[in-house]
Amino acid sequence: MKTDIQIAQEAELKPIAQVAKALAIPEEDLELYGKYKAKISDEYLEKIESNPNGKLILVTAINPTPAGEGKTTVSVGLGEAFGKLGKKAVIALREPSLGPCFGIKGGAAGGGFAQVVPMEDLNLHFTGDFHAITSANNLLAAILDNHIQQGNQLSIDPRQVVWKRCLDMNDRVLRNVVVGLGAKADGTVREDHFVITVASEIMAVLCLSENMKDLKERLGRMVVAYNYKGEPVTAKDLQAVGAMAALLKDAMKPNLIQTLEHTPAIVHGGPFANIAHGCNSVRATKSALKMADYVITEAGFGADLGAEKFFDIKCRTAGLKPDAVVLVATIRALKYNGGIPKAELGEENLEALKKGIANLEKHIENLKKYGVPVVAALNSFVTDTKAEQDYVEQFCVERGCEFALANVWEKGGEGGIELAGKVLEILDKKESHFAPLYGDDSSLGEKIETVAKEIYGADGVTYTAQAKKQIEKLEELGFGKLPVCMAKTQYSLSDNPELLGRPSGFDMHVREVYVSAGAGFVVVLTGTVMTMPGLPAHPAAFNIDVNDEGVITGLF
């Protein structure tokens, strides 16, 4: 079997203007970035605002494992399958971060014959959106430190600067740094920190903004520091909003590319779900709903993170009402949850499968709490046996969950027809009664405990003394009605990455809480999750190269 990048490089792409015709986007409303990618103009997005909405389908997954789940692969293959069935569909995905591309996870273009292309462009610089976000973030940091240097009229306490610099790369040595060393003219010496770009509040702000006016208002509300009285200082106070908006003007426009089978794909925004809210932009999703009858979108990592935040943050903020959910699992990942090492996952093992399937069971239960119909999609691998597949199907059906086999990695859209048919069936037969998990008026503590108990299965929540004080202060400052964005390991339902399957008898440990006032949520850091990842001993970067003809190899 060819590698993902080989399949992508050998594909015959259509000029993006031809792909746009499937969505009735005129060529004059495309801002071209070469032949195969484009941004969609603001003017066109305004024209289609009165169009009726299509159906919104969320693709999520069980907790990720080294065995692979293929959530993006299934998202892409499902969109291609809708095309095979003659349906007008569009895929709405997140943009990949450079950090995982060069780290351990790899890119986010799908896999096999269910990929979005051009794969190398998407996984690397794409249309420059992440660079714009990084620049806007660091411009604000520079303005903040300059303000302190130039007299500090806002009385910012350098010990209470909460705005961090960012970089779209895994670089652990930047987590904690000291800035301002040197002469007096070199600034005020203080401790500083870096986060990866996808954890920047500006990423979340861009992804949750409806338009430029909304973007500027959200940017202005971002809390960057506290003064000596303990009062918040915002980006608006620092007069940084206009310049940041100028850097983000083009990044606000959704990007259009295609799948290997030329299904349109709108790819825009990319917050991680383990440390941010994990969804593509509201603007891209809402626009897609006006362009097509069916919109397939995804949320990052497992349903305990991505789907929960899609429902409780994105849908709440944007007024979206999903019509169906596809929950992706693999035999290999379920057996890994059952305690089998990665090297042995290709062998039939029903006992391990029966043990590990508890992870899938919990995610089915969680998704049903939101009132949205669920289809379990088993992403097929060649090592799967019929006995294993039959067991998973029976398990799902017994729990009132629809089931379909997906073979999109090997067969593209053709391999997703069974899944597409099942999704169409439940869209016709079952009505969505979507509602968020908790109300706006619950306290921050109540919201945190609701997610911890209802979604993660925790017995309770413990807080550091610092976290308790932070929650009290945020409630006093009027941020108590915001939803919570839980930052947690993606590998377990708990905050301990070693606890696989369906852990029980544990507490969630909250170590820090802070507000992202522009994004409109409160971030809750649990366990040991980091907002600036590090590289592994053998990063994926070691395998990436460019040959003499300029062809990139090693990306996955």
# chains A, B, ... in the order shown; residues from 1 in each chain; ligands from 1
>>> residues_around(residues="Thr285 (chain A)", least_positions_apart="5", cutoff="10 Å", atoms="only C-alpha atoms", output="MDAnalysis selection string")
chainID A and resid 56 90:93 207 254 266:268 279:280 290:291 295:297 318 320
>>> write_last_selection(atoms="N, CA and C atoms", output="PDB file, in the first residue's frame")
ATOM      1  N   LEU A  56     -26.460  19.336   9.694  1.00  0.00           N
ATOM      2  CA  LEU A  56     -25.130  19.391  10.296  1.00  0.00           C
ATOM      3  C   LEU A  56     -24.807  18.057  10.971  1.00  0.00           C
ATOM      4  N   VAL A  90     -20.601  19.088   1.746  1.00  0.00           N
ATOM      5  CA  VAL A  90     -19.326  19.771   1.910  1.00  0.00           C
ATOM      6  C   VAL A  90     -18.740  19.340   3.258  1.00  0.00           C
ATOM      7  N   ILE A  91     -17.431  19.263   3.318  1.00  0.00           N
ATOM      8  CA  ILE A  91     -16.732  18.898   4.549  1.00  0.00           C
ATOM      9  C   ILE A  91     -16.172  20.175   5.172  1.00  0.00           C
ATOM     10  N   ALA A  92     -16.321  20.334   6.480  1.00  0.00           N
ATOM     11  CA  ALA A  92     -15.807  21.514   7.187  1.00  0.00           C
ATOM     12  C   ALA A  92     -14.849  21.043   8.277  1.00  0.00           C
ATOM     13  N   LEU A  93     -13.560  21.272   8.060  1.00  0.00           N
ATOM     14  CA  LEU A  93     -12.523  20.732   8.939  1.00  0.00           C
ATOM     15  C   LEU A  93     -11.664  21.838   9.540  1.00  0.00           C
ATOM     16  N   CYS A 207     -11.973  31.659  15.605  1.00  0.00           N
ATOM     17  CA  CYS A 207     -12.854  30.543  15.274  1.00  0.00           C
ATOM     18  C   CYS A 207     -14.280  30.736  15.772  1.00  0.00           C
ATOM     19  N   PRO A 254     -12.774  31.893   5.172  1.00  0.00           N
ATOM     20  CA  PRO A 254     -12.620  30.432   5.098  1.00  0.00           C
ATOM     21  C   PRO A 254     -11.860  29.997   3.847  1.00  0.00           C
ATOM     22  N   ILE A 266     -14.121  22.870   3.194  1.00  0.00           N
ATOM     23  CA  ILE A 266     -13.825  24.181   3.773  1.00  0.00           C
ATOM     24  C   ILE A 266     -13.008  23.936   5.034  1.00  0.00           C
ATOM     25  N   VAL A 267     -11.771  24.389   5.017  1.00  0.00           N
ATOM     26  CA  VAL A 267     -10.833  24.107   6.104  1.00  0.00           C
ATOM     27  C   VAL A 267     -10.410  25.439   6.720  1.00  0.00           C
ATOM     28  N   HIS A 268     -10.764  25.638   7.993  1.00  0.00           N
ATOM     29  CA  HIS A 268     -10.551  26.973   8.571  1.00  0.00           C
ATOM     30  C   HIS A 268     -10.462  26.915  10.090  1.00  0.00           C
ATOM     31  N   CYS A 279     -12.574  23.018  17.667  1.00  0.00           N
ATOM     32  CA  CYS A 279     -13.509  23.008  16.533  1.00  0.00           C
ATOM     33  C   CYS A 279     -13.047  23.986  15.451  1.00  0.00           C
ATOM     34  N   ASN A 280     -13.444  23.706  14.207  1.00  0.00           N
ATOM     35  CA  ASN A 280     -13.152  24.666  13.141  1.00  0.00           C
ATOM     36  C   ASN A 280     -13.999  25.924  13.343  1.00  0.00           C
ATOM     37  N   LYS A 290     -25.016  26.989   4.503  1.00  0.00           N
ATOM     38  CA  LYS A 290     -25.747  27.760   3.491  1.00  0.00           C
ATOM     39  C   LYS A 290     -25.426  27.306   2.068  1.00  0.00           C
ATOM     40  N   MET A 291     -24.340  26.532   1.905  1.00  0.00           N
ATOM     41  CA  MET A 291     -23.873  26.134   0.573  1.00  0.00           C
ATOM     42  C   MET A 291     -24.312  24.734   0.170  1.00  0.00           C
ATOM     43  N   VAL A 295     -23.544  18.969   5.735  1.00  0.00           N
ATOM     44  CA  VAL A 295     -22.237  19.464   6.171  1.00  0.00           C
ATOM     45  C   VAL A 295     -21.659  18.471   7.165  1.00  0.00           C
ATOM     46  N   ILE A 296     -20.473  17.947   6.840  1.00  0.00           N
ATOM     47  CA  ILE A 296     -19.780  17.017   7.733  1.00  0.00           C
ATOM     48  C   ILE A 296     -18.632  17.769   8.384  1.00  0.00           C
ATOM     49  N   THR A 297     -18.688  17.914   9.692  1.00  0.00           N
ATOM     50  CA  THR A 297     -17.619  18.602  10.410  1.00  0.00           C
ATOM     51  C   THR A 297     -17.078  17.662  11.486  1.00  0.00           C
ATOM     52  N   ALA A 318     -22.726  29.893  18.934  1.00  0.00           N
ATOM     53  CA  ALA A 318     -23.146  30.217  17.564  1.00  0.00           C
ATOM     54  C   ALA A 318     -24.601  29.885  17.272  1.00  0.00           C
ATOM     55  N   LEU A 320     -25.829  26.870  16.906  1.00  0.00           N
ATOM     56  CA  LEU A 320     -25.894  25.719  15.994  1.00  0.00           C
ATOM     57  C   LEU A 320     -26.661  24.574  16.646  1.00  0.00           C
TER      58      LEU A 320
END
>>> residues_around(residues="His277 (chain A)", least_positions_apart="2", cutoff="10 Å", atoms="only C-alpha atoms", output="PDB file with N, CA, C and O atoms, in the first residue's frame")
ATOM      1  N   VAL A 198      -2.082  27.117  18.477  1.00  0.00           N
ATOM      2  CA  VAL A 198      -3.457  26.618  18.536  1.00  0.00           C
ATOM      3  C   VAL A 198      -4.075  26.783  19.923  1.00  0.00           C
ATOM      4  O   VAL A 198      -5.291  26.620  20.086  1.00  0.00           O
ATOM      5  N   ALA A 199      -3.255  27.084  20.940  1.00  0.00           N
ATOM      6  CA  ALA A 199      -3.777  27.349  22.285  1.00  0.00           C
ATOM      7  C   ALA A 199      -3.924  28.846  22.557  1.00  0.00           C
ATOM      8  O   ALA A 199      -4.420  29.225  23.621  1.00  0.00           O
ATOM      9  N   MET A 203      -6.632  32.348  18.447  1.00  0.00           N
ATOM     10  CA  MET A 203      -7.142  31.248  17.630  1.00  0.00           C
ATOM     11  C   MET A 203      -8.608  30.988  17.961  1.00  0.00           C
ATOM     12  O   MET A 203      -9.454  30.841  17.073  1.00  0.00           O
ATOM     13  N   ALA A 204      -8.923  30.911  19.260  1.00  0.00           N
ATOM     14  CA  ALA A 204     -10.303  30.674  19.681  1.00  0.00           C
ATOM     15  C   ALA A 204     -11.212  31.819  19.268  1.00  0.00           C
ATOM     16  O   ALA A 204     -12.343  31.610  18.802  1.00  0.00           O
ATOM     17  N   CYS A 207     -11.973  31.659  15.605  1.00  0.00           N
ATOM     18  CA  CYS A 207     -12.854  30.543  15.274  1.00  0.00           C
ATOM     19  C   CYS A 207     -14.280  30.736  15.772  1.00  0.00           C
ATOM     20  O   CYS A 207     -15.200  30.078  15.279  1.00  0.00           O
ATOM     21  N   LEU A 208     -14.491  31.614  16.746  1.00  0.00           N
ATOM     22  CA  LEU A 208     -15.835  31.831  17.276  1.00  0.00           C
ATOM     23  C   LEU A 208     -16.463  33.135  16.802  1.00  0.00           C
ATOM     24  O   LEU A 208     -17.627  33.403  17.119  1.00  0.00           O
ATOM     25  N   GLY A 270      -8.076  26.154  13.778  1.00  0.00           N
ATOM     26  CA  GLY A 270      -7.520  24.885  14.242  1.00  0.00           C
ATOM     27  C   GLY A 270      -7.161  24.809  15.703  1.00  0.00           C
ATOM     28  O   GLY A 270      -6.061  24.369  16.039  1.00  0.00           O
ATOM     29  N   PRO A 271      -8.045  25.192  16.637  1.00  0.00           N
ATOM     30  CA  PRO A 271      -7.693  25.033  18.056  1.00  0.00           C
ATOM     31  C   PRO A 271      -7.646  23.560  18.452  1.00  0.00           C
ATOM     32  O   PRO A 271      -8.482  22.772  18.031  1.00  0.00           O
ATOM     33  N   PHE A 272      -6.637  23.179  19.246  1.00  0.00           N
ATOM     34  CA  PHE A 272      -6.588  21.822  19.792  1.00  0.00           C
ATOM     35  C   PHE A 272      -7.762  21.612  20.752  1.00  0.00           C
ATOM     36  O   PHE A 272      -8.206  22.541  21.412  1.00  0.00           O
ATOM     37  N   ALA A 273      -8.212  20.363  20.866  1.00  0.00           N
ATOM     38  CA  ALA A 273      -9.318  20.076  21.791  1.00  0.00           C
ATOM     39  C   ALA A 273      -8.842  19.718  23.187  1.00  0.00           C
ATOM     40  O   ALA A 273      -9.620  19.784  24.133  1.00  0.00           O
ATOM     41  N   ASN A 274      -7.566  19.319  23.338  1.00  0.00           N
ATOM     42  CA  ASN A 274      -7.099  18.991  24.686  1.00  0.00           C
ATOM     43  C   ASN A 274      -6.729  20.238  25.487  1.00  0.00           C
ATOM     44  O   ASN A 274      -6.753  20.215  26.717  1.00  0.00           O
ATOM     45  N   ILE A 275      -6.421  21.343  24.806  1.00  0.00           N
ATOM     46  CA  ILE A 275      -6.049  22.571  25.519  1.00  0.00           C
ATOM     47  C   ILE A 275      -6.854  23.783  25.056  1.00  0.00           C
ATOM     48  O   ILE A 275      -6.683  24.880  25.580  1.00  0.00           O
ATOM     49  N   CYS A 279     -12.574  23.018  17.667  1.00  0.00           N
ATOM     50  CA  CYS A 279     -13.509  23.008  16.533  1.00  0.00           C
ATOM     51  C   CYS A 279     -13.047  23.986  15.451  1.00  0.00           C
ATOM     52  O   CYS A 279     -12.380  24.973  15.740  1.00  0.00           O
ATOM     53  N   ASN A 280     -13.444  23.706  14.207  1.00  0.00           N
ATOM     54  CA  ASN A 280     -13.152  24.666  13.141  1.00  0.00           C
ATOM     55  C   ASN A 280     -13.999  25.924  13.343  1.00  0.00           C
ATOM     56  O   ASN A 280     -14.802  26.004  14.272  1.00  0.00           O
ATOM     57  N   ALA A 299     -14.722  17.398  15.425  1.00  0.00           N
ATOM     58  CA  ALA A 299     -14.168  18.054  16.606  1.00  0.00           C
ATOM     59  C   ALA A 299     -13.001  17.214  17.103  1.00  0.00           C
ATOM     60  O   ALA A 299     -13.009  15.997  17.000  1.00  0.00           O
ATOM     61  N   GLY A 300     -11.998  17.865  17.651  1.00  0.00           N
ATOM     62  CA  GLY A 300     -10.726  17.207  17.923  1.00  0.00           C
ATOM     63  C   GLY A 300     -10.758  16.130  18.990  1.00  0.00           C
ATOM     64  O   GLY A 300     -11.561  16.153  19.918  1.00  0.00           O
ATOM     65  N   LEU A 305     -13.666  15.304  24.835  1.00  0.00           N
ATOM     66  CA  LEU A 305     -13.093  16.638  24.659  1.00  0.00           C
ATOM     67  C   LEU A 305     -13.773  17.367  23.500  1.00  0.00           C
ATOM     68  O   LEU A 305     -14.535  18.297  23.691  1.00  0.00           O
ATOM     69  N   GLY A 306     -13.495  16.924  22.276  1.00  0.00           N
ATOM     70  CA  GLY A 306     -13.975  17.646  21.100  1.00  0.00           C
ATOM     71  C   GLY A 306     -15.483  17.774  21.015  1.00  0.00           C
ATOM     72  O   GLY A 306     -16.017  18.867  20.826  1.00  0.00           O
ATOM     73  N   ALA A 307     -16.196  16.666  21.156  1.00  0.00           N
ATOM     74  CA  ALA A 307     -17.657  16.725  21.029  1.00  0.00           C
ATOM     75  C   ALA A 307     -18.269  17.538  22.168  1.00  0.00           C
ATOM     76  O   ALA A 307     -19.190  18.336  21.945  1.00  0.00           O
ATOM     77  N   GLU A 308     -17.769  17.340  23.386  1.00  0.00           N
ATOM     78  CA  GLU A 308     -18.308  18.110  24.521  1.00  0.00           C
ATOM     79  C   GLU A 308     -18.151  19.599  24.284  1.00  0.00           C
ATOM     80  O   GLU A 308     -19.075  20.385  24.527  1.00  0.00           O
ATOM     81  N   LYS A 309     -16.989  20.015  23.779  1.00  0.00           N
ATOM     82  CA  LYS A 309     -16.759  21.438  23.543  1.00  0.00           C
ATOM     83  C   LYS A 309     -17.514  21.935  22.311  1.00  0.00           C
ATOM     84  O   LYS A 309     -17.956  23.085  22.271  1.00  0.00           O
ATOM     85  N   PHE A 310     -17.659  21.071  21.306  1.00  0.00           N
ATOM     86  CA  PHE A 310     -18.490  21.434  20.147  1.00  0.00           C
ATOM     87  C   PHE A 310     -19.908  21.757  20.606  1.00  0.00           C
ATOM     88  O   PHE A 310     -20.490  22.770  20.204  1.00  0.00           O
ATOM     89  N   ASP A 312     -21.061  22.229  23.957  1.00  0.00           N
ATOM     90  CA  ASP A 312     -21.232  23.149  25.091  1.00  0.00           C
ATOM     91  C   ASP A 312     -20.610  24.529  24.871  1.00  0.00           C
ATOM     92  O   ASP A 312     -20.965  25.473  25.576  1.00  0.00           O
ATOM     93  N   ILE A 313     -19.688  24.647  23.906  1.00  0.00           N
ATOM     94  CA  ILE A 313     -19.091  25.954  23.624  1.00  0.00           C
ATOM     95  C   ILE A 313     -19.498  26.452  22.243  1.00  0.00           C
ATOM     96  O   ILE A 313     -20.174  27.468  22.116  1.00  0.00           O
ATOM     97  N   LYS A 314     -19.128  25.722  21.193  1.00  0.00           N
ATOM     98  CA  LYS A 314     -19.373  26.225  19.840  1.00  0.00           C
ATOM     99  C   LYS A 314     -20.863  26.341  19.524  1.00  0.00           C
ATOM    100  O   LYS A 314     -21.319  27.392  19.047  1.00  0.00           O
ATOM    101  N   VAL A 484     -17.322  26.420  30.373  1.00  0.00           N
ATOM    102  CA  VAL A 484     -15.961  26.033  30.739  1.00  0.00           C
ATOM    103  C   VAL A 484     -15.321  25.243  29.598  1.00  0.00           C
ATOM    104  O   VAL A 484     -15.970  24.441  28.930  1.00  0.00           O
ATOM    105  N   CYS A 485     -14.047  25.506  29.380  1.00  0.00           N
ATOM    106  CA  CYS A 485     -13.249  24.789  28.386  1.00  0.00           C
ATOM    107  C   CYS A 485     -12.224  23.960  29.141  1.00  0.00           C
ATOM    108  O   CYS A 485     -11.226  24.485  29.642  1.00  0.00           O
ATOM    109  N   MET A 486     -12.480  22.672  29.242  1.00  0.00           N
ATOM    110  CA  MET A 486     -11.633  21.785  30.034  1.00  0.00           C
ATOM    111  C   MET A 486     -10.375  21.413  29.258  1.00  0.00           C
ATOM    112  O   MET A 486     -10.446  20.948  28.114  1.00  0.00           O
ATOM    113  N   ALA A 487      -9.219  21.634  29.872  1.00  0.00           N
ATOM    114  CA  ALA A 487      -7.936  21.244  29.286  1.00  0.00           C
ATOM    115  C   ALA A 487      -7.489  19.966  29.985  1.00  0.00           C
ATOM    116  O   ALA A 487      -7.218  19.966  31.187  1.00  0.00           O
ATOM    117  N   ALA A 519     -12.799  34.967  23.771  1.00  0.00           N
ATOM    118  CA  ALA A 519     -13.397  33.741  23.241  1.00  0.00           C
ATOM    119  C   ALA A 519     -14.748  33.481  23.879  1.00  0.00           C
ATOM    120  O   ALA A 519     -15.662  32.941  23.255  1.00  0.00           O
ATOM    121  N   PHE A 521     -15.097  31.907  27.155  1.00  0.00           N
ATOM    122  CA  PHE A 521     -15.139  30.733  28.015  1.00  0.00           C
ATOM    123  C   PHE A 521     -14.052  30.821  29.073  1.00  0.00           C
ATOM    124  O   PHE A 521     -13.135  31.636  28.984  1.00  0.00           O
ATOM    125  N   VAL A 523     -11.096  28.686  30.915  1.00  0.00           N
ATOM    126  CA  VAL A 523     -10.225  27.533  30.706  1.00  0.00           C
ATOM    127  C   VAL A 523      -9.891  26.894  32.041  1.00  0.00           C
ATOM    128  O   VAL A 523      -9.510  27.584  33.003  1.00  0.00           O
TER     129      VAL A 523
END
>>> residues_around(residues="Asn51 (chain A)", least_positions_apart="3", cutoff="10 Å", atoms="only C-alpha atoms", output="PyMOL selection string")
chain A and resi 47-48+54+287+289-292
>>> write_last_selection(atoms="C-alpha atoms", output="compact mmCIF listing (two decimals), in the first residue's frame")
# COMPACT_ATOMS: atom_id res chain seq x y z
CA LYS A 47 -24.84 36.98 -0.31
CA ILE A 48 -25.72 33.51 0.98
CA GLY A 54 -28.42 22.11 5.39
CA SER A 287 -21.23 29.25 5.60
CA LEU A 289 -24.60 25.10 5.97
CA LYS A 290 -25.75 27.76 3.49
CA MET A 291 -23.87 26.13 0.57
CA ALA A 292 -24.82 22.46 0.83
>>> closest_residue(among="A:Phe102, A:Phe395, A:Phe113, A:Tyr294", to="Lys55 (chain A)", atoms="only C-alpha atoms")
A:Tyr294
>>> residues_around(residues="Ile16 (chain A)", least_positions_apart="6", cutoff="10 Å", atoms="only C-alpha atoms", output="PDB file with N, CA and C atoms, in the first residue's frame")
ATOM      1  N   GLU A  27     -16.462  32.241  -9.667  1.00  0.00           N
ATOM      2  CA  GLU A  27     -15.006  32.367  -9.642  1.00  0.00           C
ATOM      3  C   GLU A  27     -14.563  33.725  -9.115  1.00  0.00           C
ATOM      4  N   LEU A  30     -13.740  33.962  -5.418  1.00  0.00           N
ATOM      5  CA  LEU A  30     -12.615  33.203  -4.880  1.00  0.00           C
ATOM      6  C   LEU A  30     -11.362  34.061  -4.882  1.00  0.00           C
ATOM      7  N   LEU A  32      -7.656  33.364  -4.975  1.00  0.00           N
ATOM      8  CA  LEU A  32      -6.835  32.192  -5.261  1.00  0.00           C
ATOM      9  C   LEU A  32      -5.474  32.247  -4.573  1.00  0.00           C
ATOM     10  N   TYR A  33      -5.083  31.104  -4.028  1.00  0.00           N
ATOM     11  CA  TYR A  33      -3.739  30.887  -3.495  1.00  0.00           C
ATOM     12  C   TYR A  33      -3.130  29.769  -4.346  1.00  0.00           C
ATOM     13  N   GLY A  34      -2.743  30.079  -5.560  1.00  0.00           N
ATOM     14  CA  GLY A  34      -2.313  29.063  -6.500  1.00  0.00           C
ATOM     15  C   GLY A  34      -3.517  28.448  -7.204  1.00  0.00           C
ATOM     16  N   LYS A  35      -3.337  27.257  -7.773  1.00  0.00           N
ATOM     17  CA  LYS A  35      -4.387  26.623  -8.567  1.00  0.00           C
ATOM     18  C   LYS A  35      -5.391  25.827  -7.735  1.00  0.00           C
ATOM     19  N   TYR A  36      -4.978  25.359  -6.546  1.00  0.00           N
ATOM     20  CA  TYR A  36      -5.777  24.350  -5.875  1.00  0.00           C
ATOM     21  C   TYR A  36      -6.290  24.741  -4.491  1.00  0.00           C
ATOM     22  N   LYS A  37      -6.137  25.980  -4.129  1.00  0.00           N
ATOM     23  CA  LYS A  37      -6.674  26.437  -2.852  1.00  0.00           C
ATOM     24  C   LYS A  37      -7.085  27.895  -2.994  1.00  0.00           C
ATOM     25  N   ALA A  38      -8.101  28.269  -2.238  1.00  0.00           N
ATOM     26  CA  ALA A  38      -8.621  29.637  -2.342  1.00  0.00           C
ATOM     27  C   ALA A  38      -9.319  30.011  -1.053  1.00  0.00           C
ATOM     28  N   LEU A 256     -11.005  27.117   0.874  1.00  0.00           N
ATOM     29  CA  LEU A 256     -11.645  26.052   0.103  1.00  0.00           C
ATOM     30  C   LEU A 256     -10.589  25.198  -0.581  1.00  0.00           C
ATOM     31  N   ILE A 257     -10.652  23.866  -0.335  1.00  0.00           N
ATOM     32  CA  ILE A 257      -9.822  22.914  -1.066  1.00  0.00           C
ATOM     33  C   ILE A 257     -10.721  21.753  -1.481  1.00  0.00           C
ATOM     34  N   GLN A 258     -10.158  20.572  -1.767  1.00  0.00           N
ATOM     35  CA  GLN A 258     -10.953  19.458  -2.260  1.00  0.00           C
ATOM     36  C   GLN A 258     -10.436  18.142  -1.690  1.00  0.00           C
ATOM     37  N   HIS A 262     -12.692  15.116  -5.230  1.00  0.00           N
ATOM     38  CA  HIS A 262     -13.124  16.457  -5.616  1.00  0.00           C
ATOM     39  C   HIS A 262     -14.346  16.959  -4.848  1.00  0.00           C
ATOM     40  N   PRO A 264     -15.940  19.251  -2.208  1.00  0.00           N
ATOM     41  CA  PRO A 264     -15.457  20.507  -1.619  1.00  0.00           C
ATOM     42  C   PRO A 264     -15.199  20.367  -0.122  1.00  0.00           C
TER      43      PRO A 264
END
